[in-house]
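Undergrad: Below: one structure in C-alpha cells.
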Amino acid sequence: MKQRPLIGVFDSGVGGLTVLAELLRQVPNADYVYFGDTARLPYGSKSAATVAKYAIGAAHYLEQQGIDFLVIGCNTACAQAYDSVRAAVKTPMIGVIEPGAEAAAGVSRKKDVIVLATEGTVNSHAYRKALEARGIKAEEKACPLFVPLVEEGWGEHSVTEQVAHIYLDDLFKGAADVMVLGCTHYPLLRPLLRRITPERIQIIDSAESTARKVAEALPHAASGGVSAPDVRFFATDSVEKFRRAGEKFLGQRIVDVTHVDLES
C-alpha cells in the first residue's frame, strides 16, 4: 500500500459525509474519494437485491479510482448488502454497523442499548444482530422524520425537539445506558439529542466509531501528514445540489463535484 493511502467512501447521498468528516479528523494522512449516489436515493425504499446492485456499482467505481481502502458510509447498504459488496471487491473494506455496535457494547454496563436508525436499517435488524452477537440487548427505533428535518436544516428547531421527544421518551424509561446513532444524518442532531437524553445514557456515533476502526487498520495514516488531505467528490445527480447540501454534513466548503452516470 502507498505511504499515503487513498480511501474511498460511498453513500446513497450526502449523509455519509459525516463519516468522511470523522475520517478527515482521525485519519488525516490519507487522501479521499467520496461517491454519493444521489440520483438513486433513498436506498431504504429499495429491495435488498437493488441495494446490492447499486452498492456494488459504487464500490467498483471507487476501485477504478485506485482506492486502497473502502468505507461503506451508508447504514442501509451495510445492512442489506455488506456481504455482497465484500464478495465483489478486492479492496479491504469496512462498514458503519459493526464499528458502531462494537463501540456500544464496549461502554454499556447494563448490556442494554437503544439504536436509532431509518426504517430500512431497523427492518434489517443488522444492529440488533451485531449487538446480540456481543451479548447486548438492543431496542431499535425507526425515526423516519429525522432525515428530512436534518436536510431542511432544522437540527435545533423546536419541531425537531418535539419529534425527538415523541420518538424517544418511552425508550428512556428502560434500563438502556447507551444510544447508537445508526444513521449518517443523525450526528447533526447530536446536540439536540444530548440535551433531551438522560445523562446516564452515552451516545455513540457510528461515524466516529468507523473512523476509529479505519485509523486502527491504517495506523500510518492516523498521524498528521505534511499536507492536507486531497478530497475528490463524485455524485450521480445535480452537483450543485450535492455541494450545497453536502457542506452542512461535512462541516466545510465543497468546491468541486464531478457528475458521474453509472448507468451509461
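Residue numbering restarts at 1 for every chain of the C-alpha cells, chains are lettered A, B, ... in their displayed order, and ligands are numbered from 1 as they appear.
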When you look at His60 (chain A) with a cut-off of 12 Å (counting only C-alpha atoms), what residues show up, excluding the ones that are within fewer than 2 positions of it in the same chain? I need them as a PyMOL selection string.
TA: chain A and resi 8-10+35+52-58+62-67+70+85-91+262
Undergrad: Store the residues picked out above, limited to C-alpha atoms, as a JSON list (two decimals), in the first residue's frame.
TA:
```json
[["chain", "number", "residue", "atom", "x", "y", "z"],
["A", 8, "GLY", "CA", -12.97, 5.63, -0.87],
["A", 9, "VAL", "CA", -16.25, 6.40, 0.89],
["A", 10, "PHE", "CA", -19.71, 5.89, -0.60],
["A", 35, "PHE", "CA", -19.15, 8.92, -4.05],
["A", 52, "ALA", "CA", -26.70, -4.66, -3.53],
["A", 53, "LYS", "CA", -26.58, -3.81, -7.25],
["A", 54, "TYR", "CA", -26.20, -0.09, -6.55],
["A", 55, "ALA", "CA", -23.68, -0.60, -3.75],
["A", 56, "ILE", "CA", -21.50, -2.92, -5.84],
["A", 57, "GLY", "CA", -21.59, -0.41, -8.70],
["A", 58, "ALA", "CA", -20.45, 2.37, -6.38],
["A", 62, "LEU", "CA", -14.26, 3.74, -6.41],
["A", 63, "GLU", "CA", -11.93, 0.83, -7.13],
["A", 64, "GLN", "CA", -11.47, 2.27, -10.62],
["A", 65, "GLN", "CA", -10.22, 5.46, -8.94],
["A", 66, "GLY", "CA", -7.38, 3.45, -7.42],
["A", 67, "ILE", "CA", -8.51, 3.33, -3.78],
["A", 70, "LEU", "CA", -13.18, 1.21, 1.08],
["A", 85, "VAL", "CA", -20.04, -5.89, -1.69],
["A", 86, "ARG", "CA", -17.38, -7.80, 0.26],
["A", 87, "ALA", "CA", -17.63, -10.67, -2.23],
["A", 88, "ALA", "CA", -17.50, -8.33, -5.24],
["A", 89, "VAL", "CA", -14.45, -6.19, -4.42],
["A", 90, "LYS", "CA", -10.78, -6.88, -3.84],
["A", 91, "THR", "CA", -10.14, -3.81, -1.71],
["A", 262, "LEU", "CA", -23.11, 4.80, -13.71]]
```
Undergrad: Near Phe233 (chain A), within 8 Å and counting only C-alpha atoms, which residues show up once chain neighbours fewer than 4 positions away are dropped, as a PyMOL selection string?
TA: chain A and resi 33-36+256-258
Undergrad: Quick one: contact table of region 66-158 of chain A to region 196-213 of chain A, 8 Å max, nearest atom pair and distance in Å to one decimal per residue, counting only C-alpha atoms, chain and number order, as JSON lines?
TA:
```
{"residue": "A:Gly73", "atom": "CA", "partner": "A:Ala207", "partner_atom": "CA", "distance": 7.9}
{"residue": "A:Ile94", "atom": "CA", "partner": "A:Thr210", "partner_atom": "CA", "distance": 7.7}
{"residue": "A:Gly95", "atom": "CA", "partner": "A:Thr210", "partner_atom": "CA", "distance": 7.2}
{"residue": "A:Val96", "atom": "CA", "partner": "A:Thr210", "partner_atom": "CA", "distance": 5.5}
{"residue": "A:Ile97", "atom": "CA", "partner": "A:Ser206", "partner_atom": "CA", "distance": 6.9}
{"residue": "A:Pro99", "atom": "CA", "partner": "A:Thr210", "partner_atom": "CA", "distance": 5.3}
{"residue": "A:Gly100", "atom": "CA", "partner": "A:Ser206", "partner_atom": "CA", "distance": 4.3}
{"residue": "A:Ala101", "atom": "CA", "partner": "A:Ser206", "partner_atom": "CA", "distance": 7.9}
{"residue": "A:Ala103", "atom": "CA", "partner": "A:Ser209", "partner_atom": "CA", "distance": 6.4}
{"residue": "A:Ala104", "atom": "CA", "partner": "A:Ile204", "partner_atom": "CA", "distance": 6.4}
```
Undergrad: Please return, as a ChimeraX atom specification, all residues of region 99-169 of chain A that DSSP assigns to helix (DSSP H, G or I) on the basis of the backbone.
TA: /A:99-107,119-124,126-132,146-151,158-168
Undergrad: DSSP says strand (DSSP E or B) for which residues of region 43-247 of chain A? Put them as a ChimeraX atom specification?
TA: /A:69-72,93-95,112-117,137-142,178-181,202-205,231-235
Undergrad: What does the distance from CA of Gly182 (chain A) to CA of Ala126 (chain A) come to in Å, to one decimal?
TA: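 One can read the CA of Gly182 (chain A) to CA of Ala126 (chain A) distance as 10.2 Å.
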